[in-house]
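Visitor: Structure file structure.cif, mmCIF, C-alpha atoms, is pasted below:
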```
data_run
#
loop_
_atom_site.label_atom_id
_atom_site.label_comp_id
_atom_site.auth_asym_id
_atom_site.auth_seq_id
_atom_site.Cartn_x
_atom_site.Cartn_y
_atom_site.Cartn_z
CA MET A 1 24.73 -3.13 73.25
CA LYS A 2 22.09 -5.26 74.96
CA ASN A 3 19.52 -2.49 74.53
CA GLN A 4 20.32 -2.31 70.82
CA ASN A 5 19.88 -6.08 70.49
CA LYS A 6 16.54 -5.89 72.31
CA LYS A 7 15.35 -3.11 70.01
CA CYS A 8 16.52 -5.12 67.00
CA ASN A 9 14.68 -8.23 68.21
CA LYS A 10 11.51 -6.23 68.82
CA GLY A 11 11.75 -4.79 65.33
CA VAL A 12 12.19 -8.24 63.79
CA LYS A 13 9.25 -9.62 65.77
CA ALA A 14 7.06 -6.69 64.73
CA LEU A 15 8.02 -7.23 61.09
CA VAL A 16 7.25 -10.94 61.34
CA VAL A 17 3.84 -10.18 62.87
CA ILE A 18 3.05 -7.67 60.11
CA LEU A 19 4.10 -10.14 57.41
CA LEU A 20 1.97 -12.86 59.00
CA ILE A 21 -1.05 -10.55 59.09
CA ILE A 22 -0.52 -9.60 55.44
CA GLY A 23 -0.17 -13.28 54.54
CA VAL A 24 -3.39 -14.19 56.32
CA LEU A 25 -5.27 -11.31 54.69
CA CYS A 26 -3.95 -12.17 51.23
CA GLY A 27 -4.75 -15.83 51.75
CA GLY A 28 -8.25 -15.00 52.93
CA PHE A 29 -8.84 -12.71 49.96
CA GLY A 30 -7.56 -15.39 47.60
CA ILE A 31 -9.95 -17.96 49.05
CA TYR A 32 -12.83 -15.47 48.87
CA VAL A 33 -12.38 -14.41 45.26
CA ASN A 34 -11.77 -17.95 44.03
CA ASP A 35 -15.01 -19.14 45.60
CA TYR A 36 -17.36 -17.97 42.86
CA TYR A 37 -20.20 -19.30 40.72
CA ARG A 38 -19.05 -20.80 37.44
CA ALA A 39 -20.97 -20.51 34.19
CA GLN A 40 -22.62 -23.80 33.24
CA THR A 41 -21.12 -24.16 29.77
CA GLU A 42 -23.23 -27.10 28.61
CA ALA A 43 -26.48 -25.35 29.49
CA ILE A 44 -25.28 -22.14 27.85
CA ALA A 45 -24.44 -24.05 24.67
CA VAL A 46 -28.09 -25.07 24.39
CA PHE A 47 -29.14 -21.41 24.53
CA SER A 48 -26.59 -20.52 21.87
CA SER A 49 -27.09 -23.41 19.47
CA SER A 50 -29.95 -21.95 17.43
CA SER A 51 -28.98 -18.30 17.64
CA LEU A 52 -28.19 -16.15 14.59
CA VAL A 53 -26.50 -13.61 16.85
CA GLU A 54 -22.79 -13.09 16.20
CA GLU A 55 -20.62 -13.35 19.31
CA LYS A 56 -17.40 -11.34 19.12
CA GLU A 57 -14.70 -10.53 21.68
CA ILE A 58 -13.92 -6.86 21.09
CA ASP A 59 -11.37 -6.55 23.91
CA ASP A 60 -9.94 -8.65 26.69
CA GLY A 61 -12.93 -9.68 28.79
CA VAL A 62 -15.42 -7.74 26.67
CA ILE A 63 -17.84 -9.75 24.53
CA ALA A 64 -20.27 -8.20 22.06
CA PHE A 65 -23.42 -9.95 20.87
CA LEU A 66 -24.30 -8.55 17.48
CA PRO A 67 -27.73 -8.87 15.86
CA PRO A 68 -28.06 -8.28 12.10
CA ASP A 69 -29.45 -4.73 12.37
CA PRO A 70 -29.05 -3.37 15.91
CA VAL A 71 -31.21 -0.42 16.88
CA ALA A 72 -29.83 0.12 20.39
CA GLY A 73 -26.98 -0.95 22.67
CA PHE A 74 -26.89 -2.49 26.14
CA ILE A 75 -23.82 -2.80 28.42
CA PHE A 76 -24.13 -5.42 31.16
CA TYR A 77 -22.32 -5.74 34.52
CA PRO A 78 -22.37 -9.29 36.00
CA GLY A 79 -23.46 -10.16 39.53
CA GLY A 80 -20.99 -10.38 42.39
CA LYS A 81 -18.86 -13.55 42.43
CA VAL A 82 -20.52 -14.85 39.26
CA GLU A 83 -18.50 -15.71 36.17
CA TYR A 84 -19.50 -13.16 33.55
CA THR A 85 -20.09 -15.70 30.79
CA ALA A 86 -23.02 -17.06 32.82
CA TYR A 87 -25.01 -14.16 31.36
CA LYS A 88 -24.44 -15.10 27.72
CA PRO A 89 -27.99 -16.53 27.33
CA LEU A 90 -29.54 -13.27 28.50
CA MET A 91 -27.34 -11.27 26.15
CA ILE A 92 -28.27 -13.54 23.25
CA ALA A 93 -31.98 -13.28 24.09
CA CYS A 94 -31.73 -9.47 24.11
CA ALA A 95 -29.70 -9.45 20.89
CA GLN A 96 -32.37 -11.54 19.21
CA LYS A 97 -34.67 -8.59 19.82
CA GLY A 98 -32.35 -6.27 17.89
CA ILE A 99 -30.28 -4.98 20.82
CA LEU A 100 -26.50 -4.97 20.51
CA CYS A 101 -25.31 -6.32 23.87
CA VAL A 102 -21.89 -5.96 25.48
CA LEU A 103 -20.98 -8.23 28.39
CA VAL A 104 -17.98 -7.25 30.49
CA GLU A 105 -15.76 -9.24 32.83
CA MET A 106 -15.00 -7.77 36.24
CA PRO A 107 -11.80 -8.10 38.31
CA PHE A 108 -12.19 -11.12 40.59
CA ASN A 109 -15.86 -11.24 39.46
CA LEU A 110 -16.66 -8.17 41.56
CA ALA A 111 -18.08 -5.12 39.77
CA VAL A 112 -17.27 -2.94 42.76
CA LEU A 113 -13.58 -3.25 41.81
CA ASP A 114 -14.13 -1.58 38.41
CA VAL A 115 -17.22 0.61 38.36
CA ASN A 116 -15.89 2.37 35.25
CA ARG A 117 -15.63 -0.82 33.20
CA ALA A 118 -18.03 0.67 30.65
CA ASP A 119 -15.58 3.44 29.73
CA GLY A 120 -14.94 3.57 25.99
CA ILE A 121 -17.25 0.70 25.05
CA THR A 122 -19.76 2.86 23.17
CA ASP A 123 -16.89 4.16 21.01
CA TYR A 124 -16.66 0.74 19.35
CA PHE A 125 -20.14 1.21 17.93
CA PRO A 126 -20.58 4.82 16.75
CA GLN A 127 -23.63 3.78 14.69
CA ILE A 128 -25.59 3.08 17.88
CA LYS A 129 -27.28 6.23 19.15
CA LYS A 130 -29.33 4.83 22.02
CA TRP A 131 -27.60 3.08 24.91
CA ALA A 132 -28.72 1.32 28.05
CA ILE A 133 -26.59 -0.02 30.88
CA GLY A 134 -27.46 -2.39 33.68
CA GLY A 135 -26.52 -5.43 35.64
CA HIS A 136 -27.45 -8.18 38.04
CA SER A 137 -27.32 -7.79 41.82
CA LEU A 138 -24.01 -6.03 42.73
CA GLY A 139 -23.43 -5.43 39.03
CA GLY A 140 -26.70 -3.52 38.79
CA SER A 141 -25.81 -1.29 41.72
CA MET A 142 -22.43 -0.51 40.18
CA ALA A 143 -24.02 0.19 36.79
CA ALA A 144 -26.34 2.68 38.52
CA SER A 145 -23.33 4.36 40.14
CA TYR A 146 -21.70 4.62 36.71
CA VAL A 147 -24.82 6.19 35.24
CA GLU A 148 -24.85 8.81 38.00
CA ALA A 149 -21.57 10.16 36.60
CA HIS A 150 -22.50 9.61 32.93
CA THR A 151 -26.16 10.55 32.62
CA ASP A 152 -25.62 12.12 29.20
CA GLY A 153 -24.33 8.86 27.76
CA PHE A 154 -27.25 6.57 28.54
CA ASP A 155 -30.97 6.48 27.91
CA ALA A 156 -31.92 3.59 30.18
CA LEU A 157 -30.84 1.70 33.31
CA VAL A 158 -31.71 -1.95 33.92
CA LEU A 159 -31.54 -3.47 37.41
CA LEU A 160 -31.96 -7.22 37.86
CA GLY A 161 -32.42 -8.32 41.47
CA SER A 162 -30.72 -5.07 42.42
CA TYR A 163 -31.18 -1.49 43.61
CA SER A 164 -29.50 1.87 43.13
CA THR A 165 -27.65 3.54 45.99
CA ALA A 166 -26.93 6.39 43.56
CA ASP A 167 -29.60 9.10 43.45
CA LEU A 168 -30.98 9.19 39.91
CA SER A 169 -34.42 10.48 40.90
CA SER A 170 -34.02 13.82 39.11
CA THR A 171 -32.69 12.40 35.84
CA ASN A 172 -34.62 11.71 32.64
CA ILE A 173 -33.23 8.22 32.27
CA ASP A 174 -35.67 5.33 31.77
CA ALA A 175 -35.28 2.78 34.55
CA LEU A 176 -36.37 -0.85 34.75
CA SER A 177 -36.25 -2.90 37.93
CA ILE A 178 -36.89 -6.65 37.70
CA TYR A 179 -36.72 -9.29 40.38
CA GLY A 180 -38.14 -12.77 40.92
CA SER A 181 -40.93 -13.52 43.37
CA LYS A 182 -38.78 -16.36 44.78
CA ASP A 183 -35.66 -14.21 45.16
CA GLY A 184 -33.97 -15.17 48.43
CA ILE A 185 -30.81 -13.08 47.96
CA MET A 186 -31.90 -9.49 47.32
CA ASN A 187 -32.37 -7.49 50.52
CA ARG A 188 -36.01 -6.36 50.30
CA GLU A 189 -35.59 -3.73 53.03
CA LYS A 190 -32.66 -2.16 51.16
CA TYR A 191 -34.62 -2.41 47.92
CA ALA A 192 -37.52 -0.46 49.46
CA GLU A 193 -35.15 2.05 51.07
CA TYR A 194 -33.35 2.89 47.83
CA LYS A 195 -36.31 2.67 45.48
CA PRO A 196 -36.88 6.47 45.64
CA ASN A 197 -33.42 6.89 44.09
CA LEU A 198 -34.87 5.85 40.75
CA PRO A 199 -36.84 8.19 38.47
CA GLN A 200 -40.58 8.40 39.17
CA ASN A 201 -41.41 6.86 35.79
CA MET A 202 -39.38 3.74 36.56
CA VAL A 203 -40.90 0.41 35.55
CA GLU A 204 -40.97 -2.35 38.15
CA PHE A 205 -41.67 -5.94 37.17
CA VAL A 206 -41.80 -9.04 39.36
CA ILE A 207 -41.22 -12.35 37.58
CA ASP A 208 -43.72 -14.78 39.09
CA GLY A 209 -41.81 -17.92 40.06
CA GLY A 210 -38.41 -16.45 39.21
CA ASN A 211 -35.49 -16.27 41.63
CA HIS A 212 -32.19 -14.41 41.98
CA SER A 213 -30.02 -16.97 40.21
CA GLY A 214 -32.25 -17.30 37.16
CA PHE A 215 -30.96 -14.20 35.39
CA GLY A 216 -27.75 -16.11 34.65
CA VAL A 217 -26.88 -19.74 34.04
CA TYR A 218 -24.66 -20.72 36.96
CA GLY A 219 -26.83 -22.93 39.17
CA LEU A 220 -28.66 -22.11 42.37
CA GLN A 221 -26.97 -19.48 44.51
CA ASP A 222 -26.62 -20.22 48.23
CA GLY A 223 -29.59 -18.81 50.11
CA ASP A 224 -31.71 -18.26 47.02
CA GLY A 225 -35.29 -19.45 46.70
CA LYS A 226 -36.16 -22.31 44.38
CA ALA A 227 -37.67 -21.09 41.12
CA THR A 228 -40.95 -22.52 39.86
CA ILE A 229 -40.20 -21.54 36.28
CA THR A 230 -37.30 -22.68 34.11
CA ASN A 231 -34.04 -20.80 33.69
CA GLU A 232 -34.90 -20.29 30.03
CA GLU A 233 -38.30 -18.84 30.87
CA GLN A 234 -36.82 -16.33 33.27
CA VAL A 235 -34.16 -15.27 30.76
CA ASN A 236 -36.72 -14.83 27.99
CA ILE A 237 -39.15 -12.85 30.18
CA THR A 238 -36.29 -10.60 31.27
CA ALA A 239 -35.15 -9.98 27.69
CA GLU A 240 -38.70 -9.11 26.68
CA LYS A 241 -39.04 -6.53 29.47
CA ILE A 242 -35.62 -5.04 28.72
CA ALA A 243 -36.58 -4.62 25.06
CA GLU A 244 -39.87 -2.92 26.01
CA VAL A 245 -38.06 -0.29 28.08
CA ILE A 246 -35.27 0.29 25.55
CA TYR A 247 -37.74 0.67 22.66
CA GLN A 248 -40.23 2.92 24.45
#
```
Rewrite the structure from the file as structure tokens, please.

Guide:
Amino acid sequence: MKNQNKKCNKGVKALVVILLIIGVLCGGFGIYVNDYYRAQTEAIAVFSSSSLVEEKEIDDGVIAFLPPDPVAGFIFYPGGKVEYTAYKPLMIACAQKGILCVLVEMPFNLAVLDVNRADGITDYFPQIKKWAIGGHSLGGSMAASYVEAHTDGFDALVLLGSYSTADLSSTNIDALSIYGSKDGIMNREKYAEYKPNLPQNMVEFVIDGGNHSGFGVYGLQDGDGKATITNEEQVNITAEKIAEVIYQ
């Protein structure tokens, strides 16, 4: 009887320890995912105030930015731990150049948790025949991984302060890689290591004075360099380069 009680007590203790570990892990994850960069709504409103682009939510967490006569489409994955609406100004700037843009929300603001977020989005716009996909930082890497499995569905890949761990070197996709000269977040060694994964005709552009945070409107990211150009300037330069690659 005593042996049974001892076994029972050991089992209860083990269960308690397991539950405590699960609780700590869940609590830690909750703290991690809730510590993210919020979109600066007032600053974004300034970008949006004079725009003729129609903003439309086509699904839960999927926002389309519709120009009057779109000639191409662009699906965008947000950076890690950044609220997706922080990229509205960039989407508007691209849409003003005739590109239909689709901005997607990621679970817990982490694109790695839903690499296939782009599934079915092009079906909403059957009139668009040319599509690009891309993203910022972690979002760019996950967009590249998505392209690796869907090369027939996209004509271009756009990486902002990012790199591709997926090998796309033998594909015919047009690739654009942009980063700021003041970027303090992107790992330059990893960038150089994975650069051969992109097609040989890839276009690389360094924004003089730009940083990592300037592709969105969410403030200065911890560890990033201080930009010497305005947020608006970086967004507009980026949109111009994206349009050049999509239209080529």

Visitor: Apply the PyMOL selection byres ((chain A and resi 39) around 7) to the structure shown and report the selected residues as an mmCIF file with C-alpha atoms, keeping the file's coordinate frame.

Guide:
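Result file selection29.cif:
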```cif
data_model
loop_
_atom_site.group_PDB
_atom_site.id
_atom_site.type_symbol
_atom_site.label_atom_id
_atom_site.label_comp_id
_atom_site.auth_asym_id
_atom_site.auth_seq_id
_atom_site.Cartn_x
_atom_site.Cartn_y
_atom_site.Cartn_z
ATOM 1 C CA TYR A 37 -20.200 -19.300 40.720
ATOM 2 C CA ARG A 38 -19.050 -20.800 37.440
ATOM 3 C CA GLN A 40 -22.620 -23.800 33.240
ATOM 4 C CA THR A 41 -21.120 -24.160 29.770
ATOM 5 C CA GLU A 83 -18.500 -15.710 36.170
ATOM 6 C CA THR A 85 -20.090 -15.700 30.790
ATOM 7 C CA ALA A 86 -23.020 -17.060 32.820
ATOM 8 C CA VAL A 217 -26.880 -19.740 34.040
ATOM 9 C CA TYR A 218 -24.660 -20.720 36.960
#
```

Visitor: Using the chain letters and numbering of this document, enumerate as a VMD selection string the residues selected by the PyMOL selection byres ((chain A and resi 126-130) around 10).

Guide: chain A and resid 70 to 74 99 to 100 121 to 125 131 to 132 153 to 156 246 to 247

Visitor: Please list as a list in words every residue within 12 Å of Asp224 (chain A), counting all atoms listed in the file and excluding residues in the same chain fewer than 5 positions away.

Guide: Gly161, Gly180, Ser181, Lys182, Asp183, Gly184, Ile185, Met186, Asn187, Gly210, Asn211, His212, Ser213, Gly214 and Gly219 of chain A

Visitor: At a cut-off of 12 Å, using all atoms listed in the file, what residues contact Ile173 (chain A)? Leave out same-chain residues fewer than 3 positions from it and give the result as an mmCIF file with C-alpha atoms, in the frame of the given file.

Guide:
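The result, stored in out.cif:
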```cif
data_model
loop_
_atom_site.group_PDB
_atom_site.id
_atom_site.type_symbol
_atom_site.label_atom_id
_atom_site.label_comp_id
_atom_site.auth_asym_id
_atom_site.auth_seq_id
_atom_site.Cartn_x
_atom_site.Cartn_y
_atom_site.Cartn_z
ATOM 1 C CA LYS A 130 -29.330 4.830 22.020
ATOM 2 C CA TRP A 131 -27.600 3.080 24.910
ATOM 3 C CA ALA A 132 -28.720 1.320 28.050
ATOM 4 C CA ILE A 133 -26.590 -0.020 30.880
ATOM 5 C CA ALA A 144 -26.340 2.680 38.520
ATOM 6 C CA VAL A 147 -24.820 6.190 35.240
ATOM 7 C CA GLU A 148 -24.850 8.810 38.000
ATOM 8 C CA HIS A 150 -22.500 9.610 32.930
ATOM 9 C CA THR A 151 -26.160 10.550 32.620
ATOM 10 C CA ASP A 152 -25.620 12.120 29.200
ATOM 11 C CA GLY A 153 -24.330 8.860 27.760
ATOM 12 C CA PHE A 154 -27.250 6.570 28.540
ATOM 13 C CA ASP A 155 -30.970 6.480 27.910
ATOM 14 C CA ALA A 156 -31.920 3.590 30.180
ATOM 15 C CA LEU A 157 -30.840 1.700 33.310
ATOM 16 C CA VAL A 158 -31.710 -1.950 33.920
ATOM 17 C CA ASP A 167 -29.600 9.100 43.450
ATOM 18 C CA LEU A 168 -30.980 9.190 39.910
ATOM 19 C CA SER A 169 -34.420 10.480 40.900
ATOM 20 C CA SER A 170 -34.020 13.820 39.110
ATOM 21 C CA LEU A 176 -36.370 -0.850 34.750
ATOM 22 C CA ASN A 197 -33.420 6.890 44.090
ATOM 23 C CA LEU A 198 -34.870 5.850 40.750
ATOM 24 C CA PRO A 199 -36.840 8.190 38.470
ATOM 25 C CA GLN A 200 -40.580 8.400 39.170
ATOM 26 C CA ASN A 201 -41.410 6.860 35.790
ATOM 27 C CA MET A 202 -39.380 3.740 36.560
ATOM 28 C CA VAL A 203 -40.900 0.410 35.550
ATOM 29 C CA VAL A 245 -38.060 -0.290 28.080
ATOM 30 C CA ILE A 246 -35.270 0.290 25.550
ATOM 31 C CA GLN A 248 -40.230 2.920 24.450
#
```

Visitor: Can you spell out as a list in words the set of residues that the PyMOL selection byres ((chain A and resi 61) around 12) selects in the structure I just provided?

Guide: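 This file, filtered by the PyMOL selection byres ((chain A and resi 61) around 12), leaves Lys56, Glu57, Ile58, Asp59, Asp60, Val62, Ile63, Ala64, Tyr77, Pro78, Glu83, Tyr84, Thr85, Val102, Leu103, Val104, Glu105, Met106, Pro107, Phe108, Asn109, Arg117, Ala118 and Ile121 of chain A.
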
Visitor: For each of A:Gly223, A:Gly139, A:Pro67, A:Gly209, take the minimum atom-to-atom distance to Asn116 (chain A), counting only C-alpha atoms, then give the residue where this is smallest.

Guide: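 Closest to Asn116 (chain A), using only C-alpha atoms: A:Gly139.
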
Visitor: Calculated over all atoms listed in the file, which of the candidates A:Gly80, A:Leu159, A:Tyr194, A:Cys101 has the smallest distance to Glu54 (chain A)?

Guide: A:Cys101
